[in-house]
Structures are given as C-alpha cells and as structure tokens.
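S.K.: As input, take data_33.cif (mmCIF, C-alpha atoms):
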```cif
data_model
#
loop_
_atom_site.label_atom_id
_atom_site.label_comp_id
_atom_site.auth_asym_id
_atom_site.auth_seq_id
_atom_site.Cartn_x
_atom_site.Cartn_y
_atom_site.Cartn_z
CA MET J 298 -3.65 27.81 -1.97
CA LYS J 299 -2.30 30.54 0.34
CA LEU J 300 -0.33 28.85 3.08
CA SER J 301 -0.78 29.62 6.76
CA THR J 302 2.19 30.58 8.92
CA LYS J 303 2.03 27.13 10.52
CA ALA J 304 2.21 25.37 7.14
CA GLU J 305 5.12 27.54 6.00
CA GLU J 306 6.95 26.85 9.26
CA ILE J 307 6.53 23.08 8.84
CA LEU J 308 7.58 23.20 5.20
CA SER J 309 10.75 25.02 6.21
CA GLN J 310 11.63 22.05 8.46
CA ILE J 311 11.27 19.50 5.67
CA ASN J 312 14.34 18.96 3.52
CA GLU J 313 13.85 16.68 0.52
CA LYS J 314 17.36 15.26 0.95
CA ASN J 315 17.66 14.83 4.71
CA THR J 316 14.15 14.29 6.08
CA LYS J 317 13.39 10.78 7.36
CA LEU J 318 10.03 9.12 7.97
CA GLY J 319 10.75 9.28 11.70
CA ASP J 320 11.01 13.07 11.44
CA LEU J 321 7.62 13.23 9.74
CA ARG J 322 6.07 10.99 12.39
CA ASN J 323 7.44 13.24 15.14
CA ILE J 324 5.92 16.32 13.53
CA ALA J 325 2.63 14.45 13.08
CA LYS J 326 2.58 13.51 16.77
CA GLU J 327 2.80 17.17 17.68
CA VAL J 328 0.15 18.24 15.18
CA LYS J 329 -2.20 15.25 15.66
CA LYS J 330 -5.21 15.64 13.32
CA ASP J 331 -5.54 18.84 11.29
CA GLN J 332 -7.33 18.54 7.96
CA GLN J 333 -6.84 22.18 6.99
CA LEU J 334 -3.10 21.92 7.56
CA ALA J 335 -3.05 18.59 5.69
CA ASP J 336 -4.72 20.27 2.71
CA GLU J 337 -2.17 23.07 2.75
CA LEU J 338 0.80 20.69 2.93
CA TRP J 339 -0.66 18.56 0.15
CA SER J 340 -1.08 21.61 -2.08
CA SER J 341 2.68 22.24 -1.89
CA LYS J 342 3.22 19.18 -4.17
CA SER J 343 6.29 18.25 -2.13
CA PHE J 344 6.70 14.48 -1.67
CA PHE J 345 7.64 14.68 2.01
CA ALA J 346 4.98 17.29 2.73
CA ARG J 347 2.41 14.99 1.17
CA GLN J 348 3.60 12.08 3.30
CA LEU J 349 3.17 14.27 6.37
CA ALA J 350 -0.25 15.44 5.12
CA ILE J 351 -1.40 11.82 4.97
CA LEU J 352 -0.41 11.30 8.60
CA ILE J 353 -2.45 14.25 9.90
CA MET J 354 -5.55 13.84 7.74
CA ASP J 355 -8.86 13.24 9.48
CA LYS J 356 -10.03 9.85 8.22
CA LYS J 357 -13.62 10.74 9.05
CA LEU J 358 -13.51 13.45 6.38
CA LEU J 359 -12.16 11.20 3.62
CA THR J 360 -14.72 10.76 0.83
CA GLU J 361 -14.49 8.84 -2.43
CA GLU J 362 -14.21 12.14 -4.29
CA GLY J 363 -11.45 13.25 -1.94
CA VAL J 364 -9.53 10.00 -2.38
CA ASP J 365 -9.89 10.31 -6.17
CA HIS J 366 -8.31 13.77 -5.94
CA LEU J 367 -5.40 12.41 -3.88
CA VAL J 368 -4.82 9.51 -6.28
CA SER J 369 -4.90 11.86 -9.28
CA ASP J 370 -2.27 14.06 -7.63
CA MET J 371 -0.10 11.03 -6.80
CA ASP J 372 -0.01 10.11 -10.48
CA GLN J 373 1.99 13.30 -11.06
CA HIS J 374 4.90 11.92 -9.00
CA ASN J 375 7.56 9.53 -10.26
CA GLN J 376 6.86 5.79 -9.93
CA ASN J 377 8.71 5.28 -6.66
CA GLU J 378 7.12 8.28 -4.95
CA LYS J 379 3.57 7.58 -6.06
CA LEU J 380 3.78 3.98 -4.83
CA GLN J 381 5.10 5.15 -1.48
CA LEU J 382 2.29 7.70 -1.23
CA ILE J 383 -0.53 5.28 -2.08
CA ASP J 384 0.83 2.60 0.27
CA TRP J 385 1.25 5.23 3.00
CA LEU J 386 -2.34 6.39 2.48
CA MET J 387 -3.59 2.84 2.73
CA ALA J 388 -1.62 2.01 5.87
CA ASN J 389 -2.28 5.23 7.75
CA GLN J 390 -5.81 6.16 6.67
CA LEU J 391 -7.77 3.87 4.36
CA THR J 392 -7.59 0.76 6.55
CA LYS J 393 -8.55 2.66 9.71
CA ASP J 394 -12.25 3.21 9.03
CA LYS J 395 -15.09 0.95 7.85
CA LYS J 396 -16.19 3.57 5.33
CA THR J 397 -12.82 3.70 3.57
CA ILE J 398 -12.37 -0.09 3.82
CA ALA J 399 -15.64 -0.36 1.88
CA LEU J 400 -14.08 1.89 -0.77
CA ILE J 401 -10.99 -0.35 -0.99
CA GLU J 402 -13.20 -3.40 -1.45
CA SER J 403 -14.86 -1.75 -4.47
CA TRP J 404 -11.56 -1.12 -6.30
CA GLU J 405 -10.77 -4.58 -7.70
CA ASP J 406 -11.65 -3.49 -11.24
CA SER J 407 -10.96 0.24 -10.90
CA GLN J 408 -9.54 2.07 -13.92
CA SER J 409 -6.82 3.40 -11.60
CA SER J 410 -3.88 1.02 -11.24
CA LEU J 411 -3.08 2.63 -7.88
CA LYS J 412 -6.55 1.79 -6.59
CA ARG J 413 -6.24 -1.78 -7.87
CA ARG J 414 -2.90 -2.01 -6.09
CA VAL J 415 -4.58 -0.95 -2.85
CA TYR J 416 -7.33 -3.56 -3.32
CA TRP J 417 -4.81 -6.39 -3.63
CA TYR J 418 -2.42 -5.01 -1.03
CA TYR J 419 -5.36 -4.90 1.38
CA GLN J 420 -6.07 -8.57 0.64
CA ALA J 421 -2.48 -9.30 1.65
CA HIS J 422 -2.89 -7.09 4.72
CA LEU J 423 -5.87 -9.19 5.84
CA ARG J 424 -3.73 -12.33 5.71
CA TRP J 425 -0.19 -11.57 6.84
CA THR J 426 -1.08 -11.95 10.53
CA GLY J 427 -2.32 -15.46 9.80
CA LYS J 428 -6.04 -14.73 9.82
CA ILE J 429 -7.63 -17.12 7.32
CA GLN J 430 -10.09 -15.50 4.92
CA ALA J 431 -13.07 -17.33 3.42
CA ASN J 432 -12.50 -16.06 -0.13
CA SER J 433 -8.91 -17.24 -0.65
CA GLU J 434 -9.69 -19.80 -3.36
CA ALA J 435 -11.81 -17.35 -5.37
CA LEU J 436 -9.13 -14.69 -4.93
CA LEU J 437 -6.41 -17.05 -6.07
CA SER J 438 -8.37 -17.93 -9.21
CA LYS J 439 -8.68 -14.24 -10.06
CA ILE J 440 -4.98 -13.69 -9.52
CA GLU J 441 -4.10 -16.65 -11.75
CA ASN J 442 -6.27 -15.20 -14.52
CA LYS J 443 -5.18 -11.56 -14.22
CA ILE J 444 -1.68 -11.21 -12.83
CA GLU J 445 0.31 -11.63 -16.04
CA GLU J 446 -1.70 -8.89 -17.78
CA GLU J 447 -1.62 -6.41 -14.91
CA GLN J 448 0.48 -3.28 -14.41
CA PRO J 449 3.72 -3.90 -12.46
CA GLU J 450 2.50 -1.99 -9.39
CA VAL J 451 -0.61 -4.17 -9.26
CA GLN J 452 1.28 -7.38 -10.02
CA TRP J 453 3.41 -6.83 -6.94
CA ALA J 454 0.36 -6.54 -4.65
CA MET J 455 -1.35 -9.57 -6.23
CA ASN J 456 1.87 -11.53 -5.82
CA PHE J 457 2.11 -10.42 -2.18
CA ALA J 458 -1.46 -11.56 -1.46
CA THR J 459 -0.70 -14.91 -3.11
CA ALA J 460 2.43 -15.24 -0.99
CA TRP J 461 0.52 -14.99 2.27
CA ILE J 462 -2.18 -17.37 1.08
CA GLY J 463 0.61 -19.85 0.33
CA VAL J 464 2.23 -19.36 3.72
CA PHE J 465 -0.84 -19.70 5.92
CA GLU J 466 -3.16 -21.92 3.86
CA LYS J 467 -1.29 -25.13 3.21
CA LYS J 468 -3.99 -26.57 0.96
CA TYR J 469 -3.22 -23.81 -1.58
CA ARG J 470 0.55 -23.77 -1.11
CA SER J 471 1.54 -25.88 -4.11
CA ARG J 472 -0.84 -23.87 -6.29
CA CYS J 473 0.70 -20.59 -5.13
CA ILE J 474 4.22 -21.90 -5.72
CA ALA J 475 3.22 -23.12 -9.18
CA LEU J 476 1.89 -19.66 -10.03
CA GLY J 477 5.23 -18.14 -9.10
CA GLU J 478 7.07 -20.66 -11.25
CA LYS J 479 4.71 -19.98 -14.17
CA THR J 480 4.95 -16.19 -14.07
CA GLY J 481 8.61 -16.03 -13.05
CA LEU J 482 7.88 -12.72 -11.31
CA TYR J 483 10.80 -11.54 -9.14
CA LYS J 484 12.86 -14.67 -9.81
CA GLY J 485 16.51 -13.94 -9.08
CA GLN J 486 15.59 -10.78 -7.18
CA MET J 487 18.41 -9.47 -4.99
CA VAL J 488 17.25 -8.33 -1.56
CA SER J 489 18.91 -6.80 1.47
CA LYS J 490 20.07 -9.05 4.29
CA GLY J 491 17.13 -10.13 6.42
CA CYS J 492 14.55 -9.39 3.71
CA THR J 493 12.47 -12.05 1.98
CA PRO J 494 12.53 -12.27 -1.84
CA ASP J 495 9.19 -11.66 -3.58
CA TYR J 496 9.58 -14.74 -5.82
CA LEU J 497 6.72 -16.94 -4.62
CA PRO J 498 8.55 -20.28 -4.22
CA GLU J 499 11.26 -18.60 -2.12
CA PHE J 500 8.92 -16.33 -0.16
CA ILE J 501 6.55 -19.15 0.78
CA SER J 502 9.37 -21.52 1.71
CA ILE J 503 11.16 -18.97 3.91
CA GLU J 504 8.10 -17.49 5.63
CA SER J 505 6.37 -20.83 6.26
CA LYS J 506 9.55 -22.29 7.81
CA LYS J 507 9.85 -19.24 10.08
CA ARG J 508 6.40 -20.10 11.44
CA ASN J 509 6.82 -23.89 11.43
CA LEU J 510 3.84 -24.17 9.08
#
```
What would the structure in this file look like if it were written as structure tokens?

M.R.:
Amino acid sequence: MKLSTKAEEILSQINEKNTKLGDLRNIAKEVKKDQQLADELWSSKSFFARQLAILIMDKKLLTEEGVDHLVSDMDQHNQNEKLQLIDWLMANQLTKDKKTIALIESWEDSQSSLKRRVYWYYQAHLRWTGKIQANSEALLSKIENKIEEEQPEVQWAMNFATAWIGVFEKKYRSRCIALGEKTGLYKGQMVSKGCTPDYLPEFISIESKKRNL
C-alpha cells in the first residue's frame, strides 16, 4: 500500500525502542477516527504502528472478514506482540459495539487460538467489576473440561475468568480454587510488587480480601 504523507509523518514519530503507549494514545487523540490512516499504518507491519492503528479504527466499519484479516496478520508477530495486539483490539474496539460483541460471543470454539482467547478474556471482562453473570456455572464446567488441553494464551484467559468467578461468586469459590490446585497453572509465579499472581488460590484469596468478600 502506498502511504500518504500523513501516514509517513506519523511513522517517522514512532520509534520501536522508545515509543510508549502514552505516546500512541496522544497521537490517537489528535487523529481521532480515521480508517484509511489506520489501514495504512497497519500495512506497515510495525508493532507500534499497528497498536496505533487499532486506536484510530472506526468500530462501525469492523466486519468479521476484517477482523479475520487482522487476526491473521497478528499471527505473524512474535508471541508477546500478538497477544498485546489482540488484547488491545478487544479492549479498544471489539467490546465497544454490539455487533463486534456478538462476534466475540461466537468464538468459543473458533479454530483461532487468539479468537478463543478473546472469548474467554471477554468473559472475565464481564465479571471483574463484580457484575454477576447468569452463566457462571456452565462456564466453569466448560473451563474445567477444556483448560488443561488448551493453548497457553487461551489457558490464561480461561484462568482469569475463573479467578473473577471465584472472587465475586462465593458459592463457586472452593471449586475455582480446587481447579487451580488441580492444574497448577501459574503456581510459584513471580510478579511485580502490587500485582496479583495468576495462580487461582492466591488470586482469589488476595482479590476477595481486598473487597471484603
């Protein structure tokens, strides 16, 4: 894709070593929504340019085919970058419109592990503010049956959804803790000061005490 002067100017401001997310957000505030520019930045294949592209996309123009194209491109990045890109897309675009939320809800059994990650991360997103969901027991049963066979990027999101069920829904807490003990996922994980370990028994204990639950 031939880049416009505006796209080239923005790309010249983005340095893969020194650019911070705050810098990208500042640029996005100036640009606002610009799908053509987003397409140009995405075509550059630069990780930071693609993060910025996600911020300025027009969610009303996102189609299933378009999302499939984005996910396919993300798979060309290294593991850390592609997970940041898919989570960024979910947080900044996919959860902002009923049409794209409907897409997320159809991805539980998608062939794409990134789409499955979004499905389960969205289930966690629905719960981490304390809003109780009617399908928690059914969801927990699915997690118990699938989590040990899943890809690591999907396991993390399933584990995260389980964590918030355990925090806010006391009737399932012992079951969620038992799942963490059974799988052993993230046990012994070292985290930065102030961060909560992903190991379910620790996560649920710490986060429920914070909220006096």

S.K.: Please report the interatomic distance between CA of Arg472 (chain J) and CA of Trp453 (chain J) in Å with one decimal.

M.R.: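 About the pair CA of Arg472 (chain J) and CA of Trp453 (chain J): they are 17.6 Å apart.
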
S.K.: Residues picked by the PyMOL selection byres ((chain J and resi 356) around 10) here, as a VMD selection string?

M.R.: chain J and resid 330 332 351 to 355 357 to 360 389 to 394 396 to 397

S.K.: Starting from the shown file, work through the PyMOL selection byres ((chain J and resi 398-410) around 10) and note down what comes out as an mmCIF file with C-alpha atoms, in the coordinates of the input.

M.R.:
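Everything below was put into part_30.cif:
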```cif
data_model
loop_
_atom_site.group_PDB
_atom_site.id
_atom_site.type_symbol
_atom_site.label_atom_id
_atom_site.label_comp_id
_atom_site.auth_asym_id
_atom_site.auth_seq_id
_atom_site.Cartn_x
_atom_site.Cartn_y
_atom_site.Cartn_z
ATOM 1 C CA THR J 360 -14.720 10.760 0.830
ATOM 2 C CA GLU J 361 -14.490 8.840 -2.430
ATOM 3 C CA VAL J 364 -9.530 10.000 -2.380
ATOM 4 C CA ASP J 365 -9.890 10.310 -6.170
ATOM 5 C CA VAL J 368 -4.820 9.510 -6.280
ATOM 6 C CA SER J 369 -4.900 11.860 -9.280
ATOM 7 C CA ASP J 372 -0.010 10.110 -10.480
ATOM 8 C CA MET J 387 -3.590 2.840 2.730
ATOM 9 C CA GLN J 390 -5.810 6.160 6.670
ATOM 10 C CA LEU J 391 -7.770 3.870 4.360
ATOM 11 C CA THR J 392 -7.590 0.760 6.550
ATOM 12 C CA LYS J 393 -8.550 2.660 9.710
ATOM 13 C CA ASP J 394 -12.250 3.210 9.030
ATOM 14 C CA LYS J 395 -15.090 0.950 7.850
ATOM 15 C CA LYS J 396 -16.190 3.570 5.330
ATOM 16 C CA THR J 397 -12.820 3.700 3.570
ATOM 17 C CA LEU J 411 -3.080 2.630 -7.880
ATOM 18 C CA LYS J 412 -6.550 1.790 -6.590
ATOM 19 C CA ARG J 413 -6.240 -1.780 -7.870
ATOM 20 C CA ARG J 414 -2.900 -2.010 -6.090
ATOM 21 C CA VAL J 415 -4.580 -0.950 -2.850
ATOM 22 C CA TYR J 416 -7.330 -3.560 -3.320
ATOM 23 C CA TRP J 417 -4.810 -6.390 -3.630
ATOM 24 C CA TYR J 418 -2.420 -5.010 -1.030
ATOM 25 C CA TYR J 419 -5.360 -4.900 1.380
ATOM 26 C CA GLN J 420 -6.070 -8.570 0.640
ATOM 27 C CA GLU J 447 -1.620 -6.410 -14.910
ATOM 28 C CA GLN J 448 0.480 -3.280 -14.410
ATOM 29 C CA PRO J 449 3.720 -3.900 -12.460
ATOM 30 C CA GLU J 450 2.500 -1.990 -9.390
ATOM 31 C CA VAL J 451 -0.610 -4.170 -9.260
ATOM 32 C CA GLN J 452 1.280 -7.380 -10.020
#
```

S.K.: With the PyMOL selection byres ((chain J and resi 458) around 7) as the selection, what would be picked from this file? Answer as a list of chain:residue names, please.

M.R.: J:Trp417, J:Tyr418, J:Gln420, J:Ala421, J:Ala454, J:Met455, J:Asn456, J:Phe457, J:Thr459, J:Ala460, J:Trp461, J:Ile462

S.K.: Record the distance separating CA of Val328 (chain J) and CA of Leu380 (chain J), expressed in Å with one decimal.

M.R.: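 Pair CA of Val328 (chain J) / CA of Leu380 (chain J) returns 24.8 Å.
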
S.K.: Please compute the CA of Ile311 (chain J)-CA of Gln333 (chain J) distance, one decimal, in Å.

M.R.: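 We find that CA of Ile311 (chain J) and CA of Gln333 (chain J) lie 18.4 Å from each other.
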
S.K.: For each of J:Ala435, J:Leu321, J:Met487, J:Leu367, take the minimum atom-to-atom distance to Phe345 (chain J), counting only C-alpha atoms, then give the residue where this is smallest.

M.R.: J:Leu321

S.K.: What's the 10 Å shell around Ser343 (chain J), counting all atoms listed in the file, without same-chain residues fewer than 2 positions away, as a short mmCIF file (atom, residue, chain, number, x, y, z; two decimals) with C-alpha atoms, keeping the file's coordinate frame?

M.R.:
```cif
data_model
loop_
_atom_site.label_atom_id
_atom_site.label_comp_id
_atom_site.auth_asym_id
_atom_site.auth_seq_id
_atom_site.Cartn_x
_atom_site.Cartn_y
_atom_site.Cartn_z
CA LEU J 308 7.58 23.20 5.20
CA ILE J 311 11.27 19.50 5.67
CA ASN J 312 14.34 18.96 3.52
CA GLU J 313 13.85 16.68 0.52
CA LEU J 338 0.80 20.69 2.93
CA TRP J 339 -0.66 18.56 0.15
CA SER J 340 -1.08 21.61 -2.08
CA SER J 341 2.68 22.24 -1.89
CA PHE J 345 7.64 14.68 2.01
CA ALA J 346 4.98 17.29 2.73
CA ARG J 347 2.41 14.99 1.17
CA GLN J 348 3.60 12.08 3.30
CA LEU J 349 3.17 14.27 6.37
CA HIS J 374 4.90 11.92 -9.00
#
```

S.K.: Any idea what's packed within 12 Å of Glu306 (chain J), counting only C-alpha atoms, ignoring anything in its chain fewer than 4 positions away? Could you give it as a ChimeraX atom specification?

M.R.: /J:300-302,310-311,324,334,337-338,346

S.K.: Pick the closest to Glu441 (chain J) from J:Arg322, J:Lys428, J:Lys317, J:Lys479: which is it, counting all atoms listed in the file?

M.R.: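 Checking each of J:Arg322, J:Lys428, J:Lys317, J:Lys479 against Glu441 (chain J), counting all atoms listed in the file, the winner is J:Lys479.
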
S.K.: Can you list, as a PyMOL selection string, every protein, DNA or RNA residue that comes within 9 Å of region 488-505 of chain J when you count only C-alpha atoms, leaving out same-chain residues fewer than 3 positions away?

M.R.: chain J and resi 453+456-457+459-465+470-471+473-478+481-485+508-510

S.K.: Can you give me all heavy atoms for region 350-361 of chain J, written as an mmCIF file, keeping the file's coordinate frame?

M.R.:
```cif
data_model
loop_
_atom_site.group_PDB
_atom_site.id
_atom_site.type_symbol
_atom_site.label_atom_id
_atom_site.label_comp_id
_atom_site.auth_asym_id
_atom_site.auth_seq_id
_atom_site.Cartn_x
_atom_site.Cartn_y
_atom_site.Cartn_z
ATOM 1 N N ALA J 350 1.180 15.123 5.250
ATOM 2 C CA ALA J 350 -0.250 15.440 5.120
ATOM 3 C C ALA J 350 -1.092 14.202 5.348
ATOM 4 O O ALA J 350 -2.130 14.245 6.026
ATOM 5 C CB ALA J 350 -0.528 16.044 3.749
ATOM 6 N N ILE J 351 -0.649 13.077 4.799
ATOM 7 C CA ILE J 351 -1.400 11.820 4.970
ATOM 8 C C ILE J 351 -1.484 11.444 6.443
ATOM 9 O O ILE J 351 -2.538 10.990 6.921
ATOM 10 C CB ILE J 351 -0.748 10.693 4.141
ATOM 11 C CG1 ILE J 351 -1.001 10.940 2.650
ATOM 12 C CG2 ILE J 351 -1.278 9.320 4.570
ATOM 13 C CD1 ILE J 351 -0.215 10.026 1.720
ATOM 14 N N LEU J 352 -0.420 11.665 7.188
ATOM 15 C CA LEU J 352 -0.410 11.300 8.600
ATOM 16 C C LEU J 352 -1.384 12.124 9.438
ATOM 17 O O LEU J 352 -1.915 11.633 10.438
ATOM 18 C CB LEU J 352 1.010 11.463 9.182
ATOM 19 C CG LEU J 352 2.068 10.468 8.718
ATOM 20 C CD1 LEU J 352 3.410 10.814 9.362
ATOM 21 C CD2 LEU J 352 1.671 9.040 9.066
ATOM 22 N N ILE J 353 -1.615 13.374 9.058
ATOM 23 C CA ILE J 353 -2.450 14.250 9.900
ATOM 24 C C ILE J 353 -3.856 14.450 9.351
ATOM 25 O O ILE J 353 -4.634 15.225 9.902
ATOM 26 C CB ILE J 353 -1.762 15.616 10.136
ATOM 27 C CG1 ILE J 353 -1.599 16.384 8.822
ATOM 28 C CG2 ILE J 353 -0.419 15.435 10.850
ATOM 29 C CD1 ILE J 353 -1.087 17.812 9.004
ATOM 30 N N MET J 354 -4.183 13.757 8.260
ATOM 31 C CA MET J 354 -5.550 13.840 7.740
ATOM 32 C C MET J 354 -6.550 13.288 8.745
ATOM 33 O O MET J 354 -6.228 12.413 9.549
ATOM 34 C CB MET J 354 -5.666 13.018 6.440
ATOM 35 C CG MET J 354 -5.012 13.628 5.246
ATOM 36 S SD MET J 354 -5.094 12.482 3.832
ATOM 37 C CE MET J 354 -4.171 13.442 2.630
ATOM 38 N N ASP J 355 -7.770 13.765 8.664
ATOM 39 C CA ASP J 355 -8.860 13.240 9.480
ATOM 40 C C ASP J 355 -9.603 12.198 8.652
ATOM 41 O O ASP J 355 -10.283 12.528 7.687
ATOM 42 C CB ASP J 355 -9.807 14.387 9.872
ATOM 43 C CG ASP J 355 -10.889 13.934 10.841
ATOM 44 O OD1 ASP J 355 -11.116 12.704 10.967
ATOM 45 O OD2 ASP J 355 -11.522 14.798 11.462
ATOM 46 N N LYS J 356 -9.447 10.936 9.024
ATOM 47 C CA LYS J 356 -10.030 9.850 8.220
ATOM 48 C C LYS J 356 -11.547 9.960 8.107
ATOM 49 O O LYS J 356 -12.152 9.502 7.134
ATOM 50 C CB LYS J 356 -9.653 8.484 8.790
ATOM 51 C CG LYS J 356 -10.161 8.197 10.191
ATOM 52 C CD LYS J 356 -9.717 6.820 10.650
ATOM 53 C CE LYS J 356 -10.230 6.485 12.040
ATOM 54 N NZ LYS J 356 -9.629 7.331 13.086
ATOM 55 N N LYS J 357 -12.166 10.596 9.082
ATOM 56 C CA LYS J 357 -13.620 10.740 9.050
ATOM 57 C C LYS J 357 -14.086 11.670 7.934
ATOM 58 O O LYS J 357 -15.245 11.644 7.529
ATOM 59 C CB LYS J 357 -14.122 11.262 10.398
ATOM 60 C CG LYS J 357 -13.913 10.277 11.541
ATOM 61 C CD LYS J 357 -14.378 10.861 12.860
ATOM 62 C CE LYS J 357 -14.113 9.881 14.001
ATOM 63 N NZ LYS J 357 -14.503 10.458 15.317
ATOM 64 N N LEU J 358 -13.169 12.500 7.436
ATOM 65 C CA LEU J 358 -13.510 13.450 6.380
ATOM 66 C C LEU J 358 -13.149 12.943 4.986
ATOM 67 O O LEU J 358 -13.406 13.614 3.991
ATOM 68 C CB LEU J 358 -12.810 14.791 6.639
ATOM 69 C CG LEU J 358 -13.176 15.490 7.961
ATOM 70 C CD1 LEU J 358 -12.383 16.788 8.101
ATOM 71 C CD2 LEU J 358 -14.672 15.759 8.048
ATOM 72 N N LEU J 359 -12.553 11.740 4.913
ATOM 73 C CA LEU J 359 -12.160 11.200 3.620
ATOM 74 C C LEU J 359 -13.385 10.674 2.869
ATOM 75 O O LEU J 359 -14.103 9.812 3.359
ATOM 76 C CB LEU J 359 -11.156 10.054 3.798
ATOM 77 C CG LEU J 359 -9.681 10.427 3.904
ATOM 78 C CD1 LEU J 359 -8.845 9.175 4.143
ATOM 79 C CD2 LEU J 359 -9.190 11.144 2.647
ATOM 80 N N THR J 360 -13.619 11.205 1.693
ATOM 81 C CA THR J 360 -14.720 10.760 0.830
ATOM 82 C C THR J 360 -14.134 10.114 -0.413
ATOM 83 O O THR J 360 -12.931 10.239 -0.693
ATOM 84 C CB THR J 360 -15.585 11.951 0.407
ATOM 85 O OG1 THR J 360 -14.763 12.856 -0.371
ATOM 86 C CG2 THR J 360 -16.144 12.695 1.618
ATOM 87 N N GLU J 361 -14.973 9.447 -1.196
ATOM 88 C CA GLU J 361 -14.490 8.840 -2.430
ATOM 89 C C GLU J 361 -13.961 9.914 -3.376
ATOM 90 O O GLU J 361 -12.922 9.746 -4.014
ATOM 91 C CB GLU J 361 -15.606 8.045 -3.109
ATOM 92 C CG GLU J 361 -15.127 7.289 -4.331
ATOM 93 C CD GLU J 361 -16.093 6.222 -4.787
ATOM 94 O OE1 GLU J 361 -17.261 6.245 -4.351
ATOM 95 O OE2 GLU J 361 -15.665 5.363 -5.584
#
```
